[in-house]
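Participant: Input structure: data.pdb, which contains PDB, C-alpha atoms, pLDDT in the B column.
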MODEL        1
ATOM      1  CA  ARG A   1     123.201  81.030 177.971  1.00 71.00           C
ATOM      2  CA  LYS A   2     121.921  78.740 175.250  1.00 77.00           C
ATOM      3  CA  SER A   3     118.362  80.096 175.355  1.00 83.00           C
ATOM      4  CA  MET A   4     119.710  83.654 175.326  1.00 85.00           C
ATOM      5  CA  GLU A   5     121.874  82.927 172.270  1.00 87.00           C
ATOM      6  CA  ILE A   6     118.935  81.380 170.411  1.00 91.00           C
ATOM      7  CA  LYS A   7     116.714  84.412 171.015  1.00 94.00           C
ATOM      8  CA  MET A   8     119.559  86.804 170.239  1.00 95.00           C
ATOM      9  CA  THR A   9     120.215  85.015 166.930  1.00 95.00           C
ATOM     10  CA  GLU A  10     116.523  85.009 166.002  1.00 96.00           C
ATOM     11  CA  MET A  11     116.328  88.737 166.605  1.00 97.00           C
ATOM     12  CA  ALA A  12     119.556  89.386 164.687  1.00 97.00           C
ATOM     13  CA  ALA A  13     118.251  87.394 161.728  1.00 97.00           C
ATOM     14  CA  CYS A  14     115.243  89.691 161.556  1.00 97.00           C
ATOM     15  CA  ARG A  15     116.917  93.013 162.346  1.00 97.00           C
ATOM     16  CA  ALA A  16     120.522  92.929 161.120  1.00 97.00           C
ATOM     17  CA  THR A  17     121.622  95.484 158.599  1.00 98.00           C
ATOM     18  CA  SER A  18     123.689  94.386 155.603  1.00 98.00           C
ATOM     19  CA  GLU A  19     126.748  95.924 157.284  1.00 98.00           C
ATOM     20  CA  GLN A  20     126.124  93.905 160.464  1.00 98.00           C
ATOM     21  CA  VAL A  21     125.732  90.702 158.445  1.00 98.00           C
ATOM     22  CA  LYS A  22     129.011  91.488 156.692  1.00 98.00           C
ATOM     23  CA  THR A  23     130.755  91.964 160.044  1.00 97.00           C
ATOM     24  CA  ILE A  24     129.429  88.653 161.357  1.00 96.00           C
ATOM     25  CA  GLU A  25     130.551  86.865 158.181  1.00 95.00           C
ATOM     26  CA  GLU A  26     134.019  88.436 158.356  1.00 94.00           C
ATOM     27  CA  VAL A  27     134.530  87.395 161.966  1.00 92.00           C
ATOM     28  CA  LEU A  28     133.323  83.874 161.207  1.00 90.00           C
ATOM     29  CA  GLU A  29     135.793  83.660 158.325  1.00 89.00           C
ATOM     30  CA  LYS A  30     138.622  84.762 160.630  1.00 87.00           C
ATOM     31  CA  MET A  31     137.626  82.019 163.071  1.00 83.00           C
ATOM     32  CA  LYS A  32     137.821  79.459 160.265  1.00 82.00           C
ATOM     33  CA  THR A  33     141.209  80.563 158.950  1.00 80.00           C
ATOM     34  CA  ASP A  34     143.092  81.229 162.183  1.00 70.00           C
ATOM     35  CA  GLU A  35     145.954  78.818 162.860  1.00 60.00           C
ATOM     36  CA  TYR A  36     144.659  77.280 166.110  1.00 63.00           C
ATOM     37  CA  ARG A  37     145.922  80.233 168.098  1.00 72.00           C
ATOM     38  CA  LEU A  38     143.835  79.932 171.232  1.00 71.00           C
ATOM     39  CA  GLU A  39     143.962  83.571 172.290  1.00 69.00           C
ATOM     40  CA  THR A  40     143.041  84.857 168.843  1.00 78.00           C
ATOM     41  CA  PHE A  41     140.256  82.337 168.412  1.00 78.00           C
ATOM     42  CA  ALA A  42     138.821  83.337 171.802  1.00 78.00           C
ATOM     43  CA  ASP A  43     138.807  86.980 170.715  1.00 83.00           C
ATOM     44  CA  TYR A  44     137.101  86.091 167.435  1.00 85.00           C
ATOM     45  CA  ASP A  45     134.564  83.974 169.292  1.00 84.00           C
ATOM     46  CA  PHE A  46     133.690  86.943 171.480  1.00 86.00           C
ATOM     47  CA  MET A  47     133.513  89.293 168.483  1.00 91.00           C
ATOM     48  CA  PHE A  48     131.224  86.823 166.693  1.00 91.00           C
ATOM     49  CA  HIS A  49     128.773  86.620 169.600  1.00 91.00           C
ATOM     50  CA  LYS A  50     128.992  90.360 170.308  1.00 94.00           C
ATOM     51  CA  SER A  51     128.283  91.137 166.649  1.00 96.00           C
ATOM     52  CA  ILE A  52     125.175  88.965 166.765  1.00 96.00           C
ATOM     53  CA  ALA A  53     124.097  90.645 170.018  1.00 96.00           C
ATOM     54  CA  ASP A  54     124.551  94.067 168.432  1.00 97.00           C
ATOM     55  CA  ALA A  55     122.657  92.986 165.309  1.00 97.00           C
ATOM     56  CA  SER A  56     119.741  91.837 167.471  1.00 97.00           C
ATOM     57  CA  GLY A  57     119.027  95.467 168.269  1.00 97.00           C
ATOM     58  CA  ASN A  58     118.613  94.560 171.928  1.00 96.00           C
ATOM     59  CA  LYS A  59     120.939  96.668 174.077  1.00 95.00           C
ATOM     60  CA  VAL A  60     120.547  94.257 176.980  1.00 94.00           C
ATOM     61  CA  PHE A  61     122.061  91.430 174.908  1.00 92.00           C
ATOM     62  CA  SER A  62     124.993  93.641 173.924  1.00 92.00           C
ATOM     63  CA  LEU A  63     125.552  94.711 177.524  1.00 92.00           C
ATOM     64  CA  MET A  64     125.333  91.110 178.731  1.00 89.00           C
ATOM     65  CA  MET A  65     127.986  90.063 176.218  1.00 87.00           C
ATOM     66  CA  GLU A  66     130.310  92.792 177.491  1.00 85.00           C
ATOM     67  CA  THR A  67     129.633  91.763 181.075  1.00 85.00           C
ATOM     68  CA  ILE A  68     130.369  88.070 180.567  1.00 79.00           C
ATOM     69  CA  ARG A  69     133.390  88.611 178.313  1.00 75.00           C
ATOM     70  CA  PRO A  70     136.034  87.831 180.970  1.00 67.00           C
ATOM     71  CA  ILE A  71     134.252  84.585 181.836  1.00 66.00           C
ATOM     72  CA  GLY A  72     133.664  83.695 178.198  1.00 58.00           C
ATOM     73  CA  LEU A  73     137.281  84.296 177.229  1.00 53.00           C
ATOM     74  CA  SER A  74     138.466  81.941 179.937  1.00 54.00           C
ATOM     75  CA  VAL A  75     136.066  79.191 178.913  1.00 53.00           C
ATOM     76  CA  THR A  76     136.565  79.791 175.205  1.00 52.00           C
ATOM     77  CA  THR A  77     140.343  79.684 175.424  1.00 50.00           C
ATOM     78  CA  THR A  78     140.278  76.266 177.054  1.00 51.00           C
ATOM     79  CA  GLY A  79     137.785  74.895 174.551  1.00 53.00           C
ATOM     80  CA  SER A  80     138.988  76.687 171.434  1.00 52.00           C
ATOM     81  CA  ILE A  81     140.606  73.805 169.607  1.00 50.00           C
ATOM     82  CA  TRP A  82     137.570  71.600 170.126  1.00 50.00           C
ATOM     83  CA  ALA A  83     135.224  74.384 169.031  1.00 55.00           C
ATOM     84  CA  LYS A  84     137.306  75.180 165.981  1.00 53.00           C
ATOM     85  CA  ARG A  85     137.361  71.551 164.863  1.00 52.00           C
ATOM     86  CA  ILE A  86     133.570  71.505 164.960  1.00 52.00           C
ATOM     87  CA  LEU A  87     133.365  74.850 163.184  1.00 54.00           C
ATOM     88  CA  LEU A  88     135.559  73.642 160.340  1.00 54.00           C
ATOM     89  CA  GLN A  89     133.587  70.444 159.754  1.00 54.00           C
TER      90      GLN A  89
ENDMDL
END
Let's see the structure in the file written out as structure tokens.

Facilitator:
Amino acid sequence: RKSMEIKMTEMAACRATSEQVKTIEEVLEKMKTDEYRLETFADYDFMFHKSIADASGNKVFSLMMETIRPIGLSVTTTGSIWAKRILLQ
């Protein structure tokens, strides 16, 4: 997953439209300001990664994000508080 996310982010950095960048920034801001609500943070985490996948212009990345969403939500929900603490530092 890590190597996929790195490549996906590299591609998004080169290909994202200004609207896609705005979407990514908005979702990131929501992640920062949410009140440690695990379910909401998990949804924002998915939206953040899905937005980057979409911005990469690679349909396979976007499809993979949709496919692993149920798994990612489970993992993200259990690790949300830890992840949010790091994000806010």

Participant: For Leu63 in chain A, find every residue with an atom within 12 Å (counting all atoms listed in the file), except residues of its own chain fewer than 6 positions away, and show them as an NGL selection string.

Facilitator: :A and (49-51 or 53-54 or 56-57 or 69)

Participant: With the file shown as input, list the residues that the PyMOL selection byres ((chain A and resi 64) around 12) selects, as a ChimeraX atom specification.

Facilitator: /A:1,4-5,8,46,49-50,53-54,58-63,65-72

Participant: In Å, how far is it from CA of Leu38 in chain A to CA of Ala12 in chain A?

Facilitator: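 About the pair CA of Leu38 in chain A and CA of Ala12 in chain A: they are 26.9 Å apart.
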
Participant: Mind pulling up the distance from CA of Lys22 in chain A to CA of Arg37 in chain A?

Facilitator: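 Pair CA of Arg37 in chain A / CA of Lys22 in chain A returns 23.3 Å.
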
Participant: Compare A:Phe48, A:Cys14, A:Thr40, A:Lys7 by their minimum atom-to-atom distance to Val27 in chain A, counting only C-alpha atoms, and give me the closest one.

Facilitator: A:Phe48

Participant: State, in Å with one decimal place, the distance from CA of Ala55 in chain A to CA of Thr9 in chain A.

Facilitator: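 Interatomic distance here is 8.5 Å.
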
Participant: Could you give me the axis-aligned bounding box of range 12-22 of chain A, with 3 Å of padding per side, as centre plus edge lengths in Å to one decimal, as lines of an AutoDock Vina configuration file?

Facilitator:
center_x = 122.1
center_y = 91.7
center_z = 160.1
size_x = 19.8
size_y = 14.5
size_z = 15.1

Participant: So that I can see what lies close to Glu26 in chain A, please list as a short mmCIF file (atom, residue, chain, number, x, y, z; two decimals) with C-alpha atoms, keeping the file's coordinate frame the residues with an atom at most 12 Å from it, counting only C-alpha atoms and leaving out residues fewer than 5 positions away in the same chain.

Facilitator:
data_model
loop_
_atom_site.label_atom_id
_atom_site.label_comp_id
_atom_site.auth_asym_id
_atom_site.auth_seq_id
_atom_site.Cartn_x
_atom_site.Cartn_y
_atom_site.Cartn_z
CA GLU A 19 126.75 95.92 157.28
CA GLN A 20 126.12 93.90 160.46
CA VAL A 21 125.73 90.70 158.44
CA MET A 31 137.63 82.02 163.07
CA LYS A 32 137.82 79.46 160.26
CA THR A 33 141.21 80.56 158.95
CA TYR A 44 137.10 86.09 167.44
CA ASP A 45 134.56 83.97 169.29
CA MET A 47 133.51 89.29 168.48
CA PHE A 48 131.22 86.82 166.69
CA SER A 51 128.28 91.14 166.65
#

Participant: Could you add N, CA and C atoms to range 38-51 of chain A and give me the result as an mmCIF file, keeping the file's coordinate frame?

Facilitator:
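Output saved as out.cif:
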data_model
loop_
_atom_site.group_PDB
_atom_site.id
_atom_site.type_symbol
_atom_site.label_atom_id
_atom_site.label_comp_id
_atom_site.auth_asym_id
_atom_site.auth_seq_id
_atom_site.Cartn_x
_atom_site.Cartn_y
_atom_site.Cartn_z
ATOM 1 N N LEU A 38 144.923 79.907 170.260
ATOM 2 C CA LEU A 38 143.835 79.932 171.232
ATOM 3 C C LEU A 38 143.388 81.342 171.596
ATOM 4 N N GLU A 39 144.331 82.221 171.858
ATOM 5 C CA GLU A 39 143.962 83.571 172.290
ATOM 6 C C GLU A 39 143.214 84.306 171.182
ATOM 7 N N THR A 40 143.687 84.184 169.964
ATOM 8 C CA THR A 40 143.041 84.857 168.843
ATOM 9 C C THR A 40 141.657 84.281 168.596
ATOM 10 N N PHE A 41 141.551 82.961 168.636
ATOM 11 C CA PHE A 41 140.256 82.337 168.412
ATOM 12 C C PHE A 41 139.259 82.779 169.486
ATOM 13 N N ALA A 42 139.702 82.892 170.722
ATOM 14 C CA ALA A 42 138.821 83.337 171.802
ATOM 15 C C ALA A 42 138.325 84.754 171.538
ATOM 16 N N ASP A 43 139.218 85.610 171.050
ATOM 17 C CA ASP A 43 138.807 86.980 170.715
ATOM 18 C C ASP A 43 137.787 86.981 169.584
ATOM 19 N N TYR A 44 138.042 86.175 168.548
ATOM 20 C CA TYR A 44 137.101 86.091 167.435
ATOM 21 C C TYR A 44 135.760 85.524 167.890
ATOM 22 N N ASP A 45 135.805 84.556 168.775
ATOM 23 C CA ASP A 45 134.564 83.974 169.292
ATOM 24 C C ASP A 45 133.739 85.041 169.995
ATOM 25 N N PHE A 46 134.406 85.858 170.810
ATOM 26 C CA PHE A 46 133.690 86.943 171.480
ATOM 27 C C PHE A 46 133.130 87.929 170.457
ATOM 28 N N MET A 47 133.963 88.331 169.488
ATOM 29 C CA MET A 47 133.513 89.293 168.483
ATOM 30 C C MET A 47 132.312 88.751 167.701
ATOM 31 N N PHE A 48 132.331 87.457 167.405
ATOM 32 C CA PHE A 48 131.224 86.823 166.693
ATOM 33 C C PHE A 48 129.931 86.953 167.493
ATOM 34 N N HIS A 49 129.977 86.558 168.761
ATOM 35 C CA HIS A 49 128.773 86.620 169.600
ATOM 36 C C HIS A 49 128.347 88.059 169.873
ATOM 37 N N LYS A 50 129.309 88.946 170.067
ATOM 38 C CA LYS A 50 128.992 90.360 170.308
ATOM 39 C C LYS A 50 128.366 90.980 169.063
ATOM 40 N N SER A 51 128.855 90.613 167.891
ATOM 41 C CA SER A 51 128.283 91.137 166.649
ATOM 42 C C SER A 51 126.837 90.692 166.473
#
